[in-house]
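The structure file run_32.cif is reproduced below (mmCIF, C-alpha atoms).
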```cif
data_my_file
loop_
_atom_site.label_atom_id
_atom_site.label_comp_id
_atom_site.auth_asym_id
_atom_site.auth_seq_id
_atom_site.Cartn_x
_atom_site.Cartn_y
_atom_site.Cartn_z
CA MET A 63 12.79 -5.15 -27.46
CA ASN A 64 11.27 -5.82 -30.89
CA TRP A 65 8.91 -8.28 -29.24
CA LEU A 66 7.61 -5.58 -26.95
CA ILE A 67 6.99 -3.21 -29.87
CA GLU A 68 5.25 -6.01 -31.73
CA PHE A 69 2.92 -6.65 -28.76
CA PHE A 70 2.31 -3.19 -27.38
CA GLY A 71 2.34 -1.50 -30.80
CA ASP A 72 -0.40 -3.71 -32.20
CA PRO A 73 -3.78 -1.93 -31.83
CA ALA A 74 -5.45 -5.36 -31.57
CA SER A 75 -3.64 -5.89 -28.25
CA TRP A 76 -5.59 -3.01 -26.75
CA SER A 77 -9.21 -3.86 -27.63
CA GLY A 78 -11.77 -6.65 -27.36
CA PRO A 79 -12.26 -9.34 -24.70
CA ASP A 80 -8.59 -10.32 -24.97
CA GLY A 81 -7.40 -6.69 -24.92
CA ILE A 82 -4.99 -5.37 -22.33
CA PRO A 83 -7.61 -3.23 -20.47
CA VAL A 84 -9.95 -6.23 -19.98
CA ARG A 85 -7.18 -8.60 -18.91
CA PHE A 86 -5.80 -5.95 -16.61
CA ALA A 87 -9.19 -5.46 -14.95
CA GLU A 88 -9.57 -9.23 -14.49
CA HIS A 89 -6.14 -9.45 -12.96
CA LEU A 90 -6.92 -6.63 -10.54
CA GLU A 91 -10.21 -8.32 -9.66
CA PHE A 92 -8.54 -11.63 -8.71
CA ALA A 93 -5.71 -9.97 -6.85
CA GLY A 94 -7.77 -7.28 -5.14
CA LEU A 95 -10.52 -9.60 -3.93
CA SER A 96 -8.05 -12.17 -2.59
CA LEU A 97 -6.04 -9.52 -0.80
CA LEU A 98 -9.17 -8.01 0.72
CA LEU A 99 -10.41 -11.40 1.95
CA ALA A 100 -7.00 -12.32 3.34
CA MET A 101 -6.78 -8.95 5.09
CA LEU A 102 -10.21 -9.39 6.69
CA VAL A 103 -9.10 -12.73 8.12
CA ALA A 104 -5.45 -12.13 8.95
CA VAL A 105 -5.31 -8.59 10.36
CA PRO A 106 -7.91 -9.04 13.15
CA LEU A 107 -6.56 -12.50 13.96
CA GLY A 108 -2.98 -11.22 14.07
CA LEU A 109 -3.97 -8.27 16.28
CA TRP A 110 -5.87 -10.56 18.60
CA ILE A 111 -3.10 -13.11 19.13
CA GLY A 112 -0.48 -10.39 19.31
CA HIS A 113 -2.48 -8.59 21.96
CA THR A 114 -3.58 -11.59 24.04
CA GLY A 115 -0.68 -13.92 23.25
CA ARG A 116 -3.15 -16.80 22.91
CA GLY A 117 -2.52 -19.49 20.30
CA ALA A 118 0.53 -17.67 18.98
CA LEU A 119 2.72 -20.74 18.49
CA LEU A 120 0.00 -22.64 16.65
CA VAL A 121 -0.74 -19.74 14.33
CA VAL A 122 2.88 -19.00 13.51
CA LEU A 123 3.60 -22.68 12.85
CA SER A 124 0.60 -23.13 10.57
CA ALA A 125 1.34 -19.86 8.78
CA ASN A 126 4.85 -21.12 8.05
CA ALA A 127 3.44 -24.41 6.80
CA ALA A 128 0.97 -22.52 4.58
CA ARG A 129 3.91 -20.65 3.05
CA ALA A 130 5.03 -23.97 1.60
CA LEU A 131 1.73 -24.65 -0.19
CA PRO A 132 2.36 -24.59 -3.94
CA THR A 133 -0.25 -22.24 -5.40
CA LEU A 134 -0.24 -23.87 -8.83
CA GLY A 135 -0.98 -27.30 -7.33
CA LEU A 136 -3.70 -25.95 -5.07
CA LEU A 137 -5.27 -24.10 -7.98
CA VAL A 138 -5.44 -27.06 -10.37
CA LEU A 139 -6.71 -29.36 -7.62
CA ILE A 140 -9.50 -27.00 -6.56
CA VAL A 141 -10.56 -26.32 -10.14
CA LEU A 142 -10.53 -30.04 -10.87
CA LEU A 143 -12.80 -30.69 -7.89
CA MET A 144 -15.06 -27.61 -8.12
CA GLY A 145 -15.08 -26.64 -11.80
CA VAL A 146 -14.51 -23.12 -13.15
CA GLY A 147 -18.05 -21.73 -12.90
CA THR A 148 -17.03 -18.86 -10.61
CA ILE A 149 -13.77 -17.20 -9.61
CA ALA A 150 -13.90 -18.85 -6.15
CA PRO A 151 -11.39 -21.58 -7.16
CA VAL A 152 -8.83 -18.87 -7.94
CA LEU A 153 -9.51 -16.95 -4.78
CA ILE A 154 -8.92 -19.88 -2.39
CA PRO A 155 -5.23 -20.49 -3.27
CA LEU A 156 -4.52 -16.77 -3.54
CA VAL A 157 -6.05 -16.12 -0.11
CA ALA A 158 -4.02 -19.03 1.26
CA LEU A 159 -0.95 -17.34 -0.22
CA ALA A 160 -1.77 -13.91 1.19
CA VAL A 161 -2.79 -14.84 4.74
CA PRO A 162 0.60 -16.03 6.14
CA PRO A 163 2.67 -12.87 5.54
CA ILE A 164 -0.13 -10.58 6.79
CA LEU A 165 -0.83 -12.73 9.83
CA VAL A 166 2.78 -13.26 10.89
CA ASN A 167 3.79 -9.62 10.41
CA THR A 168 0.72 -8.28 12.22
CA TYR A 169 1.36 -10.63 15.10
CA GLU A 170 5.08 -9.85 15.24
CA GLY A 171 4.35 -6.13 14.98
CA VAL A 172 1.98 -6.10 17.94
CA ARG A 173 4.10 -8.47 19.99
CA GLY A 174 7.24 -6.45 19.33
CA VAL A 175 5.84 -3.24 20.81
CA ASP A 176 7.99 -2.07 23.72
CA PRO A 177 6.37 -3.47 26.92
CA ASP A 178 7.11 -0.17 28.71
CA LEU A 179 4.96 1.61 26.14
CA ARG A 180 2.15 -0.85 26.71
CA ASP A 181 2.41 -0.50 30.47
CA ALA A 182 2.44 3.29 30.19
CA ALA A 183 -0.78 3.16 28.18
CA TYR A 184 -2.44 0.99 30.82
CA GLY A 185 -1.06 3.29 33.50
CA MET A 186 -2.70 6.26 31.80
CA GLY A 187 -6.02 4.49 32.27
CA LEU A 188 -6.62 3.07 28.80
CA ARG A 189 -8.50 -0.21 28.63
CA GLY A 190 -7.42 -3.28 26.63
CA GLY A 191 -9.20 -2.30 23.41
CA GLN A 192 -8.01 1.30 23.65
CA VAL A 193 -4.42 0.21 24.20
CA LEU A 194 -4.67 -1.94 21.10
CA GLY A 195 -6.26 0.76 18.96
CA ARG A 196 -4.37 3.84 20.10
CA VAL A 197 -0.94 2.45 20.93
CA LEU A 198 -0.27 -1.03 19.61
CA VAL A 199 -1.74 -0.65 16.11
CA PRO A 200 -0.04 2.70 15.31
CA VAL A 201 3.32 1.42 16.55
CA ALA A 202 2.93 -1.92 14.76
CA LEU A 203 1.68 -0.28 11.55
CA PRO A 204 4.99 -0.36 9.63
CA LEU A 205 5.19 -4.14 10.06
CA ILE A 206 1.50 -4.64 9.31
CA LEU A 207 1.94 -2.66 6.09
CA LEU A 208 5.04 -4.68 5.25
CA GLY A 209 2.98 -7.86 5.59
CA LEU A 210 0.24 -6.41 3.37
CA ARG A 211 2.81 -5.31 0.80
CA THR A 212 4.46 -8.73 0.67
CA ALA A 213 1.06 -10.38 0.33
CA ALA A 214 -0.09 -7.93 -2.36
CA ILE A 215 3.02 -8.44 -4.46
CA GLN A 216 2.83 -12.21 -4.18
CA VAL A 217 -0.86 -12.23 -5.06
CA VAL A 218 -0.38 -9.95 -8.08
CA ALA A 219 2.49 -12.13 -9.28
CA THR A 220 0.74 -15.42 -8.66
CA ALA A 221 -2.65 -14.44 -10.10
CA THR A 222 -0.96 -15.14 -13.45
CA VAL A 223 -1.34 -18.89 -12.91
CA ALA A 224 -5.15 -18.49 -12.99
CA ALA A 225 -4.81 -18.41 -16.76
CA TYR A 226 -3.47 -21.95 -16.74
CA VAL A 227 -6.87 -23.32 -15.76
CA GLY A 228 -8.62 -21.26 -18.41
CA LEU A 229 -9.41 -18.11 -16.47
CA GLY A 230 -8.51 -14.57 -17.46
CA GLY A 231 -6.07 -12.03 -16.13
CA LEU A 232 -2.70 -10.96 -17.48
CA GLY A 233 -1.44 -14.55 -17.21
CA ARG A 234 -3.56 -15.29 -20.28
CA TYR A 235 -0.89 -13.70 -22.51
CA ILE A 236 1.91 -15.69 -20.89
CA ILE A 237 0.13 -19.04 -21.03
CA ASP A 238 -1.28 -18.51 -24.53
CA GLY A 239 1.99 -17.13 -25.79
CA LEU A 240 3.86 -20.19 -24.51
CA ALA A 241 1.27 -22.65 -25.79
CA THR A 242 1.19 -21.19 -29.31
CA GLN A 243 4.87 -20.25 -29.41
CA ARG A 244 4.05 -16.57 -29.90
CA TYR A 245 6.91 -15.24 -27.87
CA PRO A 246 6.06 -11.49 -28.12
CA LEU A 247 2.71 -12.26 -26.48
CA ALA A 248 4.34 -14.11 -23.57
CA VAL A 249 6.99 -11.45 -23.00
CA GLY A 250 4.41 -8.67 -23.27
CA GLY A 251 2.31 -10.38 -20.59
CA ALA A 252 5.35 -10.91 -18.39
CA VAL A 253 6.29 -7.24 -18.66
CA LEU A 254 2.74 -6.15 -17.81
CA VAL A 255 2.64 -8.33 -14.68
CA ALA A 256 6.06 -7.11 -13.60
CA LEU A 257 4.99 -3.47 -14.09
CA LEU A 258 1.84 -4.08 -12.06
CA ALA A 259 3.87 -5.65 -9.24
CA LEU A 260 6.26 -2.70 -9.24
CA THR A 261 3.32 -0.27 -9.14
CA VAL A 262 1.89 -2.10 -6.13
CA GLN A 263 5.29 -1.91 -4.46
CA GLY A 264 5.43 1.83 -5.07
CA LEU A 265 1.86 2.38 -3.86
CA PHE A 266 2.62 0.67 -0.57
CA GLY A 267 5.68 2.86 -0.15
CA LEU A 268 3.41 5.91 -0.49
CA LEU A 269 0.80 4.40 1.82
CA GLN A 270 3.48 3.88 4.43
CA ARG A 271 4.51 7.55 4.25
CA VAL A 272 0.92 8.72 4.60
CA LEU A 273 -0.35 6.33 7.26
CA VAL A 274 2.54 5.75 9.62
CA SER A 275 2.73 8.35 12.35
CA PRO A 276 5.86 10.55 12.04
CA GLY A 277 6.72 9.74 15.64
CA VAL A 278 6.86 6.02 14.82
CA SER A 279 8.70 6.24 11.51
CA GLY A 280 11.37 8.50 13.03
CA ARG A 281 10.77 11.24 10.48
CA GLN A 282 9.96 13.63 13.30
CA LYS A 283 12.92 14.46 15.51
CA ILE A 284 12.18 14.24 19.20
CA ARG A 285 13.89 17.06 21.10
CA MET B 21 -15.90 -37.12 -11.24
CA ALA B 22 -17.95 -38.58 -8.40
CA GLU B 23 -16.42 -42.05 -8.71
CA GLU B 24 -12.88 -40.75 -9.01
CA PRO B 25 -11.26 -40.91 -5.55
CA LEU B 26 -9.04 -38.05 -4.43
CA VAL B 27 -6.05 -40.36 -4.21
CA ARG B 28 -5.51 -43.62 -6.07
CA TRP B 29 -2.92 -45.36 -3.95
CA ASP B 30 -2.09 -47.91 -6.64
CA TRP B 31 -1.01 -45.04 -8.95
CA ILE B 32 1.52 -43.98 -6.34
CA GLY B 33 2.73 -47.58 -6.01
CA ARG B 34 3.24 -47.88 -9.76
CA ASN B 35 4.91 -44.52 -10.24
CA TRP B 36 7.11 -44.04 -7.22
CA PRO B 37 10.44 -44.25 -9.09
CA GLU B 38 9.38 -41.31 -11.28
CA ILE B 39 8.03 -39.47 -8.24
CA LEU B 40 11.35 -39.88 -6.43
CA GLU B 41 13.15 -38.49 -9.47
CA LEU B 42 10.92 -35.43 -9.37
CA VAL B 43 11.58 -35.03 -5.65
CA ALA B 44 15.33 -35.09 -6.29
CA ASP B 45 14.96 -32.59 -9.14
CA ASN B 46 12.87 -30.33 -6.90
CA VAL B 47 15.42 -30.54 -4.08
CA VAL B 48 18.33 -29.59 -6.35
CA MET B 49 16.48 -26.74 -8.05
CA ALA B 50 15.28 -25.34 -4.70
CA LEU B 51 18.44 -25.70 -2.62
CA VAL B 52 21.20 -24.72 -5.06
CA PRO B 53 19.72 -21.19 -5.46
CA VAL B 54 19.43 -20.79 -1.68
CA VAL B 55 23.06 -21.83 -1.14
CA VAL B 56 24.27 -19.58 -3.96
CA GLY B 57 22.06 -16.79 -2.65
CA LEU B 58 23.54 -17.15 0.83
CA LEU B 59 27.11 -17.12 -0.51
CA VAL B 60 26.40 -13.89 -2.37
CA ALA B 61 24.32 -12.34 0.41
CA LEU B 62 26.99 -12.79 3.09
CA PRO B 63 29.60 -10.42 1.57
CA LEU B 64 26.91 -8.02 0.33
CA GLY B 65 25.26 -8.05 3.77
CA LEU B 66 28.61 -7.40 5.44
CA ALA B 67 29.17 -4.48 3.10
CA GLY B 68 25.66 -3.24 3.83
CA ALA B 69 26.23 -3.40 7.58
CA ARG B 70 29.53 -1.49 7.25
CA TRP B 71 28.41 1.17 4.77
CA ARG B 72 24.89 2.52 5.12
CA TRP B 73 25.15 4.33 1.77
CA PHE B 74 25.53 0.92 0.13
CA TYR B 75 22.67 -0.74 2.02
CA GLN B 76 19.75 1.53 1.10
CA PRO B 77 20.16 1.26 -2.69
CA ALA B 78 20.97 -2.45 -2.43
CA VAL B 79 17.73 -3.10 -0.55
CA GLY B 80 15.85 -0.94 -3.05
CA VAL B 81 17.16 -3.01 -5.97
CA MET B 82 16.44 -6.26 -4.13
CA ASN B 83 12.87 -5.12 -3.36
CA VAL B 84 12.31 -4.47 -7.04
CA VAL B 85 13.76 -7.86 -7.96
CA TYR B 86 11.65 -9.57 -5.31
CA SER B 87 8.46 -8.08 -6.69
CA LEU B 88 9.10 -9.46 -10.18
CA PRO B 89 6.75 -12.42 -10.72
CA SER B 90 8.66 -15.70 -11.09
CA LEU B 91 6.68 -16.76 -14.15
CA ALA B 92 7.48 -13.44 -15.83
CA VAL B 93 11.21 -13.88 -15.14
CA PHE B 94 11.14 -17.46 -16.43
CA ILE B 95 9.62 -16.23 -19.70
CA VAL B 96 12.17 -13.46 -20.18
CA LEU B 97 15.03 -15.87 -19.41
CA ILE B 98 13.96 -18.54 -21.91
CA PRO B 99 15.84 -17.08 -24.91
CA ILE B 100 19.01 -16.84 -22.80
CA THR B 101 18.99 -20.00 -20.73
CA GLY B 102 16.66 -22.16 -22.78
CA LEU B 103 13.19 -23.67 -22.39
CA ALA B 104 12.76 -26.41 -19.77
CA THR B 105 16.27 -26.11 -18.35
CA ARG B 106 17.17 -26.06 -14.69
CA THR B 107 19.05 -22.79 -15.13
CA THR B 108 15.92 -20.94 -16.26
CA VAL B 109 14.17 -21.94 -13.05
CA MET B 110 17.14 -21.47 -10.73
CA VAL B 111 18.32 -18.00 -11.79
CA PRO B 112 15.27 -16.11 -10.49
CA LEU B 113 15.26 -18.23 -7.34
CA VAL B 114 18.84 -17.09 -6.59
CA PHE B 115 17.65 -13.49 -6.72
CA TYR B 116 14.62 -14.16 -4.50
CA ALA B 117 16.89 -15.86 -1.96
CA MET B 118 19.26 -12.87 -2.05
CA ALA B 119 16.35 -10.46 -1.58
CA VAL B 120 15.45 -12.22 1.66
CA LEU B 121 18.99 -12.96 2.85
CA ILE B 122 20.79 -9.62 2.38
CA PRO B 123 18.47 -7.78 4.82
CA ALA B 124 18.69 -10.81 7.14
CA VAL B 125 22.50 -10.63 7.24
CA VAL B 126 22.44 -6.86 7.81
CA ASP B 127 19.77 -7.10 10.54
CA GLY B 128 21.64 -10.00 12.10
CA LEU B 129 24.86 -8.01 12.33
CA ALA B 130 22.90 -5.02 13.63
CA SER B 131 21.54 -7.27 16.40
CA VAL B 132 25.04 -7.60 17.89
CA PRO B 133 24.93 -5.43 21.05
CA ASP B 134 27.44 -2.59 21.07
CA HIS B 135 28.94 -3.57 24.42
CA VAL B 136 29.68 -7.06 23.06
CA ARG B 137 31.47 -5.57 20.08
CA GLN B 138 33.40 -3.21 22.33
CA SER B 139 34.36 -6.07 24.67
CA ALA B 140 35.77 -7.97 21.70
CA VAL B 141 37.81 -4.94 20.67
CA ALA B 142 39.01 -4.48 24.23
CA MET B 143 40.09 -8.12 24.38
CA GLY B 144 42.32 -7.45 21.40
CA PHE B 145 40.33 -9.26 18.68
CA THR B 146 41.37 -8.27 15.18
CA PRO B 147 38.44 -7.08 13.03
CA LEU B 148 38.43 -10.37 11.10
CA ARG B 149 38.48 -12.53 14.21
CA ARG B 150 35.85 -10.32 15.83
CA LEU B 151 33.64 -10.87 12.79
CA LEU B 152 34.12 -14.64 12.68
CA ALA B 153 34.19 -15.43 16.39
CA VAL B 154 31.78 -12.86 17.80
CA GLU B 155 29.59 -11.00 15.33
CA LEU B 156 28.61 -13.79 12.93
CA PRO B 157 27.68 -16.30 15.67
CA ILE B 158 25.47 -13.69 17.32
CA ALA B 159 23.89 -12.92 13.94
CA VAL B 160 23.06 -16.60 13.33
CA PRO B 161 19.45 -16.60 14.63
CA VAL B 162 18.39 -13.67 12.44
CA VAL B 163 20.23 -14.98 9.38
CA LEU B 164 18.74 -18.45 9.87
CA ALA B 165 15.25 -16.99 10.20
CA GLY B 166 15.77 -15.45 6.76
CA LEU B 167 17.25 -18.67 5.46
CA ARG B 168 14.16 -20.59 6.59
CA VAL B 169 11.82 -18.23 4.73
CA ALA B 170 14.04 -18.37 1.64
CA THR B 171 14.28 -22.17 1.67
CA VAL B 172 10.58 -22.83 2.19
CA SER B 173 9.50 -20.42 -0.55
CA SER B 174 12.19 -21.74 -2.87
CA VAL B 175 10.97 -25.34 -2.52
CA SER B 176 7.44 -24.22 -3.27
CA LEU B 177 8.32 -21.77 -6.07
CA VAL B 178 10.16 -24.41 -8.10
CA SER B 179 6.79 -25.93 -9.01
CA VAL B 180 5.82 -22.81 -11.01
CA GLY B 181 8.68 -23.77 -13.33
CA ALA B 182 6.46 -26.60 -14.56
CA LEU B 183 4.70 -24.00 -16.71
CA VAL B 184 7.94 -23.50 -18.64
CA GLY B 185 8.66 -27.21 -18.74
CA ARG B 186 10.90 -27.82 -15.74
CA GLY B 187 9.33 -27.65 -12.33
CA GLY B 188 10.31 -30.67 -10.23
CA LEU B 189 7.18 -31.80 -8.42
CA GLY B 190 5.23 -29.14 -10.31
CA TYR B 191 5.22 -31.57 -13.22
CA LEU B 192 2.67 -33.61 -11.26
CA PHE B 193 0.29 -30.63 -11.22
CA ILE B 194 0.49 -30.22 -14.99
CA ASP B 195 0.19 -33.98 -15.52
CA GLY B 196 -2.84 -34.26 -13.23
CA TRP B 197 -4.51 -31.24 -14.80
CA GLN B 198 -4.00 -32.40 -18.38
CA ARG B 199 -5.44 -35.83 -17.59
CA GLN B 200 -8.11 -34.43 -15.22
CA PHE B 201 -6.77 -36.87 -12.63
CA PRO B 202 -6.41 -35.58 -9.04
CA THR B 203 -4.00 -38.17 -7.58
CA PRO B 204 -0.73 -36.70 -8.97
CA ILE B 205 -1.80 -33.21 -7.90
CA VAL B 206 -2.48 -34.30 -4.33
CA VAL B 207 0.79 -36.26 -4.24
CA GLY B 208 2.66 -33.21 -5.56
CA ILE B 209 1.16 -30.80 -3.01
CA VAL B 210 1.79 -33.18 -0.09
CA LEU B 211 5.39 -33.83 -1.18
CA VAL B 212 6.17 -30.12 -1.66
CA VAL B 213 4.85 -29.32 1.81
CA LEU B 214 6.72 -32.29 3.36
CA LEU B 215 9.92 -31.31 1.57
CA ALA B 216 9.64 -27.70 2.73
CA GLY B 217 8.83 -28.88 6.25
CA ALA B 218 11.85 -31.20 6.31
CA ALA B 219 14.18 -28.44 5.11
CA ASP B 220 12.72 -26.07 7.69
CA LEU B 221 13.20 -28.64 10.46
CA LEU B 222 16.83 -29.19 9.47
CA LEU B 223 17.45 -25.45 9.67
CA VAL B 224 15.83 -25.26 13.12
CA LEU B 225 18.11 -28.09 14.26
CA ALA B 226 21.08 -26.30 12.71
CA GLN B 227 20.17 -23.21 14.69
CA ARG B 228 20.09 -25.19 17.96
CA TRP B 229 23.47 -26.64 17.14
CA LEU B 230 25.00 -23.30 16.10
CA THR B 231 23.62 -21.29 19.02
CA PRO B 232 23.78 -23.54 22.09
CA TRP B 233 23.63 -20.49 24.37
CA ALA B 234 20.14 -19.55 23.09
CA SER B 235 18.45 -22.70 24.36
CA ALA B 236 20.31 -22.44 27.68
CA ARG B 237 19.04 -18.88 28.05
CA THR B 238 15.44 -19.84 27.23
CA ALA B 239 15.59 -22.65 29.79
CA ALA B 240 16.91 -20.25 32.42
CA ARG B 241 14.23 -17.70 31.61
CA SER B 242 11.34 -20.16 31.74
CA GLY B 243 12.76 -21.57 34.98
CA ARG B 244 12.70 -18.12 36.51
CA ARG B 245 9.15 -17.57 35.33
CA GLY B 246 8.14 -20.92 36.81
CA ALA B 247 9.63 -19.95 40.17
CA ALA B 248 7.75 -16.64 40.20
#
```

Structure re-expressed in structure tokens:
Amino acid sequence: MNWLIEFFGDPASWSGPDGIPVRFAEHLEFAGLSLLLAMLVAVPLGLWIGHTGRGALLVVLSANAARALPTLGLLVLIVLLMGVGTIAPVLIPLVALAVPPILVNTYEGVRGVDPDLRDAAYGMGLRGGQVLGRVLVPVALPLILLGLRTAAIQVVATATVAAYVGLGGLGRYIIDGLATQRYPLAVGGAVLVALLALTVQGLFGLLQRVLVSPGVSGRQKIR
Amino acid sequence: MAEEPLVRWDWIGRNWPEILELVADNVVMALVPVVVGLLVALPLGLAGARWRWFYQPAVGVMNVVYSLPSLAVFIVLIPITGLATRTTVMVPLVFYAMAVLIPAVVDGLASVPDHVRQSAVAMGFTPLRRLLAVELPIAVPVVLAGLRVATVSSVSLVSVGALVGRGGLGYLFIDGWQRQFPTPIVVGIVLVVLLAGAADLLLVLAQRWLTPWASARTAARSGRRGAA
């Protein structure tokens, strides 16, 4: 506890290029950009294979293989080969980390929709795209959001390793604290990252309440 | 950098005893937490399936634990379990495995159809025998799906431990980075993926062996589809 007071109580921790606000913004930049890119790739792809059933096995298998990729290794390799001029080397491993959960959950969500429901939508005269947009996506939304939440939490947690190759973000405190044996710094950084991850978790809980239709989430009783 | 090849095969040839040691270290640090996690998750999952009031808070706590970054937990554990020890790396991995496995056990037990459970009761199965002979076998596919996710992420997460001095194959990433030498990094990535793939394959085989009726059913279904 004293370590935390030493870190958070020091005004120097809160200002300058190594201050908490700057590091926090950097961390959000890495995590947010990677999540956005991963979402742009994985959500449409997941919807498409879930809806058409094409290439499902291949995608699920490669997504599971991608889950095994060690982010730290990928990061140091890419930085070694590309240099650290831009933040692209950080984004690649983080996107690779975020795509599998989003892709697999989106696909499973769409595929798991009750076939009767799908048939009913077709029977009511909706076309393929309309069925996807008006029936499959709303029903699959809880799983899609679960995938996004998992990805977001992993990306926020893993963006800390960016500091190891000399980039910013909240990981800076952890890596620097370890390297220079300033333990309050490392613990302070760890607590900040954990708080951020918990905030993301909470935000997705709220998002779920707002976005998921009451009929799907079961909050509205059907009489 | 241009002359440096991505992989120097002779480096692998010279260092394979050390590499094998790291593989073994990685396997131990990844699998022990999964096994421990499963042993803890089974009773907790059973309790969760029986008592709903227990399940919701348990999942809430596990979700919070799961969202804690591994590196952050390693740091906080160092004063308790020591720098560069296996324990520091394995303790958080046990919790991550539990976070995946408790819901898997509960969902698996929930996947047992009610009529099957009622048949077992009608046949005079005691609750314990019903659990062991009927409910758990039917829950196997869902539990194993969770076990696969837990195992693969565990194998890969161990490498982050290299940042606190004990990370199995992750050591190769640190080594390669410090010497600006790509070969160990590539070797490390390939071995982690192969290791995770091998563990995953073993679990798939285990599932076939534990649920022989599943493959029979799939064969019957695809046969029917072929006939139509």

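With only the atoms specified (all atoms listed in the file) counting, those residues at most 10 Å away from (20.7, -21.4, -3.6) are Val48, Met49, Ala50, Leu51, Val52, Pro53, Val54, Val55, Val56, Gly57, Leu58, Leu59, Val60, Met110, Val111, Leu113, Val114, Phe115, Tyr116, Ala117, Met118, Ala170, Thr171 and Ser174 of chain B.
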
File of the preceding selection, C-alpha atoms, as a CSV table (one decimal), in the coordinates of the input:
```
chain,number,residue,atom,x,y,z
B,48,VAL,CA,18.3,-29.6,-6.4
B,49,MET,CA,16.5,-26.7,-8.0
B,50,ALA,CA,15.3,-25.3,-4.7
B,51,LEU,CA,18.4,-25.7,-2.6
B,52,VAL,CA,21.2,-24.7,-5.1
B,53,PRO,CA,19.7,-21.2,-5.5
B,54,VAL,CA,19.4,-20.8,-1.7
B,55,VAL,CA,23.1,-21.8,-1.1
B,56,VAL,CA,24.3,-19.6,-4.0
B,57,GLY,CA,22.1,-16.8,-2.6
B,58,LEU,CA,23.5,-17.2,0.8
B,59,LEU,CA,27.1,-17.1,-0.5
B,60,VAL,CA,26.4,-13.9,-2.4
B,110,MET,CA,17.1,-21.5,-10.7
B,111,VAL,CA,18.3,-18.0,-11.8
B,113,LEU,CA,15.3,-18.2,-7.3
B,114,VAL,CA,18.8,-17.1,-6.6
B,115,PHE,CA,17.6,-13.5,-6.7
B,116,TYR,CA,14.6,-14.2,-4.5
B,117,ALA,CA,16.9,-15.9,-2.0
B,118,MET,CA,19.3,-12.9,-2.0
B,170,ALA,CA,14.0,-18.4,1.6
B,171,THR,CA,14.3,-22.2,1.7
B,174,SER,CA,12.2,-21.7,-2.9
```

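For the pair atom CA of A:Val121 and atom CA of A:Arg173, the separation is 13.5 Å.
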
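Picked by the PyMOL selection byres ((chain B) within 7 of (chain A)) from the coordinates shown: Val84, Ser87, Leu88, Pro89, Ala92, Ile95, Val96, Val172, Ser173, Ser176, Leu177, Ser179, Val180, Phe193, Trp197, Gln200, Pro202, Ile205, Ile209, Val213 and Ala216 of chain B.
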
Based on the selection just made, write C-alpha atoms of those residues as an mmCIF file, in the coordinates of the input.
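Below is the file result_26.cif, written as the result:
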```cif
data_model
loop_
_atom_site.group_PDB
_atom_site.id
_atom_site.type_symbol
_atom_site.label_atom_id
_atom_site.label_comp_id
_atom_site.auth_asym_id
_atom_site.auth_seq_id
_atom_site.Cartn_x
_atom_site.Cartn_y
_atom_site.Cartn_z
ATOM 1 C CA VAL B 84 12.310 -4.470 -7.040
ATOM 2 C CA SER B 87 8.460 -8.080 -6.690
ATOM 3 C CA LEU B 88 9.100 -9.460 -10.180
ATOM 4 C CA PRO B 89 6.750 -12.420 -10.720
ATOM 5 C CA ALA B 92 7.480 -13.440 -15.830
ATOM 6 C CA ILE B 95 9.620 -16.230 -19.700
ATOM 7 C CA VAL B 96 12.170 -13.460 -20.180
ATOM 8 C CA VAL B 172 10.580 -22.830 2.190
ATOM 9 C CA SER B 173 9.500 -20.420 -0.550
ATOM 10 C CA SER B 176 7.440 -24.220 -3.270
ATOM 11 C CA LEU B 177 8.320 -21.770 -6.070
ATOM 12 C CA SER B 179 6.790 -25.930 -9.010
ATOM 13 C CA VAL B 180 5.820 -22.810 -11.010
ATOM 14 C CA PHE B 193 0.290 -30.630 -11.220
ATOM 15 C CA TRP B 197 -4.510 -31.240 -14.800
ATOM 16 C CA GLN B 200 -8.110 -34.430 -15.220
ATOM 17 C CA PRO B 202 -6.410 -35.580 -9.040
ATOM 18 C CA ILE B 205 -1.800 -33.210 -7.900
ATOM 19 C CA ILE B 209 1.160 -30.800 -3.010
ATOM 20 C CA VAL B 213 4.850 -29.320 1.810
ATOM 21 C CA ALA B 216 9.640 -27.700 2.730
#
```

>> Once the PyMOL selection byres ((chain A and resi 193) around 10) has been evaluated on this model, what residues remain selected, and can you format them as a VMD selection string?
In response: chain A and resid 113 179 to 184 186 to 192 194 to 199

>> I need the residue nearest A:Leu165 from this list: A:Leu66, A:Leu247, A:Leu210, A:Ala74. Use only C-alpha atoms for the distance.
In response: A:Leu210

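Here atom CA of A:Trp110 and atom CA of A:Leu156 stand 23.0 Å from one another.
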
>> Report, in Å to a single decimal, how far apart atom CA of B:Val169 and atom CA of B:Leu151 are.
In response: 24.4 Å

>> Quick one: residues within 12 Å of B:Asp195, all atoms listed in the file, excluding same-chain residues fewer than 6 positions away - as an MDAnalysis selection string?
In response: (chainID A and resid 135 138:139) or (chainID B and resid 182:183 185 187:189 201:208)

> Residues picked by the PyMOL selection byres ((chain B and resi 64) around 12) here, as an NGL selection string?
Replying inline: :B and (57-63 or 65-72 or 74-79 or 82 or 118-119 or 121-126)

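Using all atoms listed in the file, the protein and nucleic acid residues lying no more than 8 Å from B:Pro161, apart from those fewer than 4 places from it along its own chain, are Gly128, Ala165, Gln227 and Thr231 of chain B.
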
C-alpha atoms of the current selection, written as a CSV table (one decimal), keeping the file's coordinate frame:
```csv
chain,number,residue,atom,x,y,z
B,128,GLY,CA,21.6,-10.0,12.1
B,165,ALA,CA,15.2,-17.0,10.2
B,227,GLN,CA,20.2,-23.2,14.7
B,231,THR,CA,23.6,-21.3,19.0
```
